[in-house]
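Encoded as structure tokens, the structure appears first; notes follow it.
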Amino acid sequence: MKVLITGGAGFIGSHLAERHLAMGDQVAILDNLSTGSIKNIQHLEGNPNFSCTVGDILDLAVMHALVADCDLIYHLAAAVGVDFIIENPLLSLTTNIRGTEILLELATEKKKRVVLASTSEIYGKRNGHVPFKEDADRILGSTTVIRWTYSTSKAVDELLALAYWHEKRLPCVIVRPFNVIGPRQTGHYGMVVPRFIKQAMLGHPITVYGDGEQRRCLTYVDDALDGLIALALSDKAVGEIFNIGSNFEISIKDLAHKIKKLTRSSSEIKFISYEQAWPKGVYEDLVYRAPDLEKIRNYIDYCPRVDLDEALTRIIAHSER
Ligand code: UDP
């Protein structure tokens with residue numbers, strides 16, 4: 001099989017490329033290196049089944065050629081990370097909405113299956129119905145709060161994909177990952193785990209926003225990929241939306257303590273108010289985010305296996321290299 005991964009030099013994309021190569025598939029990736037990195041895929045270069053195009057999903061000619069020459073597309077290219085979105089709202093909207101529309105249009109024309117990476121950010125704030133089920137209402141803040149740019153752009157992507165499926169029979173599967181973590185994830189754009197690990201390893205203060213009572217379920221990348229690939233290959237999953245996550249839940253304060261202990265760091269754990277961390281009005285935190293995994297378990301054999309201690313131990317070992 002020929003697999004195209006947009007955003008293939010990113011954290012999840014590079015692991016996905018490795019997996020498909022190990023399965024004997026041919027893998028082409030497209031990445032504009034805005035948040036991805038050549039370092040993530042350097043070890044794959046030289047593999048005759050692997051090719052990398054540095055380019056943009058907004059470039060029609062490039063997209064046309066790549067989509068024509070594959071059997072399955074994972075659309076992972078997007079503006080991601082709370083910090084990145086807040087610093088680049090316009091770029092985020094164009095990349096995430098126009099880029100996805102181009103891809104869906106071409107995939108429809110060429111009759112290719114698409115796996116669309118959406119996000120658990122879709123659900124927005126706690127709405128009394130956590131864990132989140134795929135058909136739950138979305139509760140978002142004002143459009144003046146830039147954080148919601150990401151959630152909104154991905155919601156438009158989902159609506160586009162569903163419309164292409166319903167009206168033009170584009171075979172499409174939508175996935176909503178919940179706080180995926182693993183080696184190669186960078187903390188530059190806001191992700192908490194690589195950020196805390198780096199701070200702890202450097203002996204810098206570990207910066208917990210707010211009171212640290214906000215909770216997340218962290219999903220190790222290998223587990224997320226098991227779900228992603230199984231859904232991509234499932235005919236039954238076409239036209240459906242799935243949470244991909246874990247029930248390994250922790251508060252951000254406890255996460256800071258755990259990372260401090262696992263890295264044997266002497267770092268101070270520093271609580272920073274949201275007013276100190278962010279310019280006024282751009283950011284709003286989520287108190288609690290957890291996935292309901294019933295649907296994915298009904299469709300595929302899905303069982304996250306790497307618990308939080310194991311996941312963090314692996315990531316720390318990788319960071320020490
Ligand atoms: N967070 C933090 N310190 C940091 C970065 C993030 O306390 O240096 C918190 C953030 O406020 C949020 C959680 O960690 O409550 C997860 O943040 P991340 O950006 O990784 O993902 P989110 O789940 O918010 O999309």
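Here, A, B, ... name the chains of the structure tokens in the order displayed, residue numbers run from 1 inside each chain, and ligands are numbered from 1 in the same displayed order.
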Return as a ChimeraX atom specification the residues of protein, DNA or RNA that approach ligand 1 to within 10 Å, with only C-alpha atoms and all ligand atoms taken into account. /A:80-83,119-121,124,147,150-151,178-181,187-196,199,205-218,251-253,255-256,270-274,277,283-290
Which of segment 3-239 of chain A DSSP labels strand (DSSP E), written as JSON, numbers by chain: {"A": [3, 4, 5, 6, 26, 27, 28, 29, 30, 31, 50, 51, 52, 53, 54, 72, 73, 74, 75, 113, 114, 115, 116, 117, 172, 173, 174, 175, 176, 177, 180, 181, 206, 207, 208, 209, 215, 216, 217, 219, 220]}
Please identify every residue of segment 113-207 of chain A that has at least one atom no farther than 8 Å from an atom of segment 228-250 of chain A, counting only C-alpha atoms, and for each give the shortest atom pair and the distance in Å to one decimal, arranged by chain then increasing number, as a tab-separated table.
```
residue	atom	partner	partner_atom	distance
A:Val114	CA	A:Ala232	CA	7.9
A:Val115	CA	A:Ala232	CA	6.2
A:Ser120	CA	A:Asn243	CA	7.3
A:Lys133	CA	A:Asn243	CA	7.7
A:Glu134	CA	A:Phe242	CA	6.4
A:Leu162	CA	A:Gly239	CA	6.7
A:Trp165	CA	A:Gly239	CA	6.2
A:His166	CA	A:Gly239	CA	8.0
A:Pro171	CA	A:Val238	CA	5.7
A:Cys172	CA	A:Val238	CA	5.3
A:Val173	CA	A:Val238	CA	5.0
A:Ile174	CA	A:Ile241	CA	4.6
A:Val175	CA	A:Phe242	CA	4.8
A:Arg176	CA	A:Asn243	CA	4.7
A:Pro177	CA	A:Ile244	CA	4.7
A:Phe178	CA	A:Gly245	CA	4.8
A:Asn179	CA	A:Gly245	CA	7.4
A:Val180	CA	A:Gly245	CA	7.5
```
The residue from A:Thr95, A:Ser142, A:Ser34, A:Asn88 with the smallest atom-to-atom distance to His75 of chain A, counting only C-alpha atoms, is A:Thr95
Excluding Gly203 of chain A and its own-chain neighbours fewer than 4 positions away, which residues fall within 10 Å of it when counting only C-alpha atoms? Please give them as number ranges by chain. A: 197-199, 260, 263-268
Need the shell around Lys111 of chain A: protein/DNA/RNA residues with any atom at most 12 Å away, counting only C-alpha atoms. Skip same-chain ones fewer than 6 positions apart. Format as a list of chain:residue names? A:Val67, A:Ala68, A:Asp69, A:Cys70, A:Asp71, A:Leu72, A:Ile73, A:Leu103, A:Leu104, A:Glu105, A:Tyr164, A:Trp165, A:Lys168, A:Arg169, A:Leu170, A:Pro171, A:Cys172
Distance criterion (only C-alpha atoms): nearest to Thr94 of chain A out of A:Asp292, A:Glu18, A:Asp157, A:Glu45: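 Under the stated criterion, the closest residue is A:Asp157.
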Within 12 Å of Arg98 of chain A, counting only C-alpha atoms, which residues qualify if same-chain residues fewer than 4 places away don't, as an mmCIF file with all heavy atoms, in the first residue's frame?
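What ended up in selection.cif:
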```cif
data_model
loop_
_atom_site.group_PDB
_atom_site.id
_atom_site.type_symbol
_atom_site.label_atom_id
_atom_site.label_comp_id
_atom_site.auth_asym_id
_atom_site.auth_seq_id
_atom_site.Cartn_x
_atom_site.Cartn_y
_atom_site.Cartn_z
ATOM 1 N N ASP A 56 4.026 22.660 1.138
ATOM 2 C CA ASP A 56 2.862 23.108 1.896
ATOM 3 C C ASP A 56 1.572 22.473 1.380
ATOM 4 O O ASP A 56 1.419 22.290 0.166
ATOM 5 C CB ASP A 56 2.774 24.632 1.763
ATOM 6 C CG ASP A 56 2.064 25.237 2.939
ATOM 7 O OD1 ASP A 56 0.821 25.144 2.987
ATOM 8 O OD2 ASP A 56 2.754 25.780 3.813
ATOM 9 N N ILE A 57 0.653 22.199 2.284
ATOM 10 C CA ILE A 57 -0.629 21.635 1.849
ATOM 11 C C ILE A 57 -1.453 22.657 1.054
ATOM 12 O O ILE A 57 -2.429 22.300 0.416
ATOM 13 C CB ILE A 57 -1.474 21.088 3.028
ATOM 14 C CG1 ILE A 57 -1.618 22.125 4.151
ATOM 15 C CG2 ILE A 57 -0.909 19.799 3.564
ATOM 16 C CD1 ILE A 57 -2.627 21.734 5.209
ATOM 17 N N LEU A 58 -1.051 23.913 1.084
ATOM 18 C CA LEU A 58 -1.758 24.919 0.290
ATOM 19 C C LEU A 58 -1.234 24.967 -1.149
ATOM 20 O O LEU A 58 -1.805 25.664 -1.990
ATOM 21 C CB LEU A 58 -1.618 26.305 0.932
ATOM 22 C CG LEU A 58 -2.220 26.439 2.341
ATOM 23 C CD1 LEU A 58 -1.901 27.801 2.931
ATOM 24 C CD2 LEU A 58 -3.725 26.219 2.321
ATOM 25 N N ASP A 59 -0.170 24.234 -1.433
ATOM 26 C CA ASP A 59 0.421 24.207 -2.777
ATOM 27 C C ASP A 59 -0.298 23.146 -3.622
ATOM 28 O O ASP A 59 -0.061 21.939 -3.493
ATOM 29 C CB ASP A 59 1.918 23.888 -2.645
ATOM 30 C CG ASP A 59 2.642 23.939 -3.981
ATOM 31 O OD1 ASP A 59 2.005 23.704 -5.032
ATOM 32 O OD2 ASP A 59 3.857 24.193 -3.957
ATOM 33 N N LEU A 60 -1.179 23.615 -4.496
ATOM 34 C CA LEU A 60 -2.056 22.711 -5.253
ATOM 35 C C LEU A 60 -1.302 21.710 -6.113
ATOM 36 O O LEU A 60 -1.661 20.532 -6.179
ATOM 37 C CB LEU A 60 -2.970 23.551 -6.153
ATOM 38 C CG LEU A 60 -4.382 23.764 -5.638
ATOM 39 C CD1 LEU A 60 -5.155 24.680 -6.559
ATOM 40 C CD2 LEU A 60 -5.101 22.418 -5.512
ATOM 41 N N ALA A 77 -1.265 17.328 8.812
ATOM 42 C CA ALA A 77 -0.672 18.674 8.711
ATOM 43 C C ALA A 77 -1.662 19.700 9.250
ATOM 44 O O ALA A 77 -2.807 19.773 8.798
ATOM 45 C CB ALA A 77 -0.340 18.991 7.258
ATOM 46 N N ALA A 78 -1.213 20.477 10.196
ATOM 47 C CA ALA A 78 -2.080 21.506 10.787
ATOM 48 C C ALA A 78 -1.235 22.410 11.660
ATOM 49 O O ALA A 78 -0.143 22.034 12.086
ATOM 50 C CB ALA A 78 -3.168 20.854 11.645
ATOM 51 N N ALA A 79 -1.768 23.582 11.902
ATOM 52 C CA ALA A 79 -1.159 24.440 12.920
ATOM 53 C C ALA A 79 -1.613 23.875 14.260
ATOM 54 O O ALA A 79 -2.802 23.694 14.492
ATOM 55 C CB ALA A 79 -1.653 25.868 12.754
ATOM 56 N N LEU A 90 -4.066 33.779 12.191
ATOM 57 C CA LEU A 90 -4.477 33.818 10.782
ATOM 58 C C LEU A 90 -3.898 32.633 10.013
ATOM 59 O O LEU A 90 -4.610 31.921 9.288
ATOM 60 C CB LEU A 90 -4.026 35.146 10.150
ATOM 61 C CG LEU A 90 -4.444 35.359 8.711
ATOM 62 C CD1 LEU A 90 -5.963 35.265 8.546
ATOM 63 C CD2 LEU A 90 -3.961 36.722 8.210
ATOM 64 N N LEU A 91 -2.615 32.407 10.210
ATOM 65 C CA LEU A 91 -1.952 31.261 9.565
ATOM 66 C C LEU A 91 -2.628 29.948 9.989
ATOM 67 O O LEU A 91 -2.822 29.038 9.179
ATOM 68 C CB LEU A 91 -0.472 31.242 9.961
ATOM 69 C CG LEU A 91 0.370 30.130 9.360
ATOM 70 C CD1 LEU A 91 0.579 30.370 7.868
ATOM 71 C CD2 LEU A 91 1.721 30.041 10.063
ATOM 72 N N SER A 92 -3.015 29.874 11.244
ATOM 73 C CA SER A 92 -3.655 28.658 11.750
ATOM 74 C C SER A 92 -4.980 28.409 11.042
ATOM 75 O O SER A 92 -5.287 27.278 10.641
ATOM 76 C CB SER A 92 -3.916 28.772 13.254
ATOM 77 O OG SER A 92 -2.718 29.042 13.924
ATOM 78 N N LEU A 93 -5.754 29.474 10.873
ATOM 79 C CA LEU A 93 -7.051 29.319 10.208
ATOM 80 C C LEU A 93 -6.884 28.908 8.750
ATOM 81 O O LEU A 93 -7.568 28.013 8.257
ATOM 82 C CB LEU A 93 -7.850 30.624 10.308
ATOM 83 C CG LEU A 93 -8.441 30.901 11.690
ATOM 84 C CD1 LEU A 93 -8.867 32.351 11.821
ATOM 85 C CD2 LEU A 93 -9.626 29.986 11.964
ATOM 86 N N THR A 94 -5.957 29.565 8.044
ATOM 87 C CA THR A 94 -5.796 29.227 6.622
ATOM 88 C C THR A 94 -5.238 27.811 6.456
ATOM 89 O O THR A 94 -5.732 27.044 5.640
ATOM 90 C CB THR A 94 -4.862 30.209 5.877
ATOM 91 O OG1 THR A 94 -4.031 30.853 6.804
ATOM 92 C CG2 THR A 94 -5.591 31.219 5.086
ATOM 93 N N ILE A 102 -8.566 21.738 0.451
ATOM 94 C CA ILE A 102 -7.820 21.325 -0.749
ATOM 95 C C ILE A 102 -7.624 19.810 -0.734
ATOM 96 O O ILE A 102 -7.867 19.107 -1.712
ATOM 97 C CB ILE A 102 -6.453 22.060 -0.809
ATOM 98 C CG1 ILE A 102 -6.670 23.538 -1.143
ATOM 99 C CG2 ILE A 102 -5.501 21.399 -1.815
ATOM 100 C CD1 ILE A 102 -5.419 24.414 -1.046
ATOM 101 N N LEU A 103 -7.202 19.302 0.412
ATOM 102 C CA LEU A 103 -6.942 17.869 0.493
ATOM 103 C C LEU A 103 -8.212 17.048 0.256
ATOM 104 O O LEU A 103 -8.215 16.074 -0.498
ATOM 105 C CB LEU A 103 -6.349 17.524 1.865
ATOM 106 C CG LEU A 103 -6.044 16.039 1.959
ATOM 107 C CD1 LEU A 103 -4.597 15.796 2.302
ATOM 108 C CD2 LEU A 103 -6.942 15.321 2.935
ATOM 109 N N LEU A 104 -9.309 17.444 0.873
ATOM 110 C CA LEU A 104 -10.555 16.675 0.732
ATOM 111 C C LEU A 104 -11.068 16.716 -0.708
ATOM 112 O O LEU A 104 -11.556 15.720 -1.248
ATOM 113 C CB LEU A 104 -11.616 17.218 1.697
ATOM 114 C CG LEU A 104 -11.306 17.042 3.193
ATOM 115 C CD1 LEU A 104 -12.350 17.756 4.041
ATOM 116 C CD2 LEU A 104 -11.231 15.564 3.578
ATOM 117 N N GLU A 105 -10.928 17.878 -1.320
ATOM 118 C CA GLU A 105 -11.365 18.030 -2.713
ATOM 119 C C GLU A 105 -10.569 17.091 -3.630
ATOM 120 O O GLU A 105 -11.137 16.356 -4.448
ATOM 121 C CB GLU A 105 -11.145 19.500 -3.115
ATOM 122 C CG GLU A 105 -11.509 19.863 -4.531
ATOM 123 C CD GLU A 105 -13.020 20.009 -4.726
ATOM 124 O OE1 GLU A 105 -13.648 20.653 -3.871
ATOM 125 O OE2 GLU A 105 -13.538 19.475 -5.721
ATOM 126 N N SER A 153 -11.387 25.805 13.989
ATOM 127 C CA SER A 153 -10.879 25.415 12.662
ATOM 128 C C SER A 153 -11.028 23.908 12.469
ATOM 129 O O SER A 153 -11.387 23.434 11.392
ATOM 130 C CB SER A 153 -9.419 25.851 12.483
ATOM 131 O OG SER A 153 -8.557 25.140 13.343
ATOM 132 N N LYS A 154 -10.783 23.146 13.521
ATOM 133 C CA LYS A 154 -10.909 21.688 13.395
ATOM 134 C C LYS A 154 -12.379 21.267 13.286
ATOM 135 O O LYS A 154 -12.701 20.268 12.644
ATOM 136 C CB LYS A 154 -10.237 21.004 14.579
ATOM 137 C CG LYS A 154 -8.712 21.030 14.500
ATOM 138 C CD LYS A 154 -8.225 20.148 13.359
ATOM 139 C CE LYS A 154 -6.720 20.068 13.287
ATOM 140 N NZ LYS A 154 -6.256 19.142 12.250
ATOM 141 N N VAL A 156 -14.600 23.006 11.689
ATOM 142 C CA VAL A 156 -14.917 23.240 10.269
ATOM 143 C C VAL A 156 -14.369 22.082 9.433
ATOM 144 O O VAL A 156 -15.042 21.565 8.530
ATOM 145 C CB VAL A 156 -14.349 24.602 9.793
ATOM 146 C CG1 VAL A 156 -14.536 24.772 8.294
ATOM 147 C CG2 VAL A 156 -15.012 25.744 10.540
ATOM 148 N N ASP A 157 -13.150 21.629 9.746
ATOM 149 C CA ASP A 157 -12.571 20.481 9.029
ATOM 150 C C ASP A 157 -13.479 19.256 9.130
ATOM 151 O O ASP A 157 -13.712 18.544 8.157
ATOM 152 C CB ASP A 157 -11.201 20.109 9.616
ATOM 153 C CG ASP A 157 -10.121 21.113 9.250
ATOM 154 O OD1 ASP A 157 -10.405 22.047 8.485
ATOM 155 O OD2 ASP A 157 -8.982 20.948 9.747
ATOM 156 N N LEU A 160 -16.533 19.724 7.020
ATOM 157 C CA LEU A 160 -16.192 19.565 5.599
ATOM 158 C C LEU A 160 -16.080 18.076 5.250
ATOM 159 O O LEU A 160 -16.638 17.610 4.252
ATOM 160 C CB LEU A 160 -14.849 20.248 5.300
ATOM 161 C CG LEU A 160 -14.871 21.749 5.032
ATOM 162 C CD1 LEU A 160 -13.444 22.303 5.044
ATOM 163 C CD2 LEU A 160 -15.533 22.054 3.681
#
```
Identify which of the residues A:Gly46, A:Gly281, A:Gly8, A:Pro183 lies closest to Ala28 of chain A, counting only C-alpha atoms when measuring atom-to-atom distances.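 Once distances to Ala28 of chain A are computed over only C-alpha atoms, the minimum belongs to A:Gly8.
Atom CA of Leu106 of chain A is found 13.4 Å from atom CA of Tyr74 of chain A.
The space between atom CA of Ser51 of chain A and atom CA of Arg321 of chain A spans 26.2 Å.
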I'd like to know which residues of segment 174-256 of chain A are alpha helix (DSSP H) (by DSSP, run on the backbone); could you write them as a ChimeraX atom specification? /A:192-202,221-232,252-256
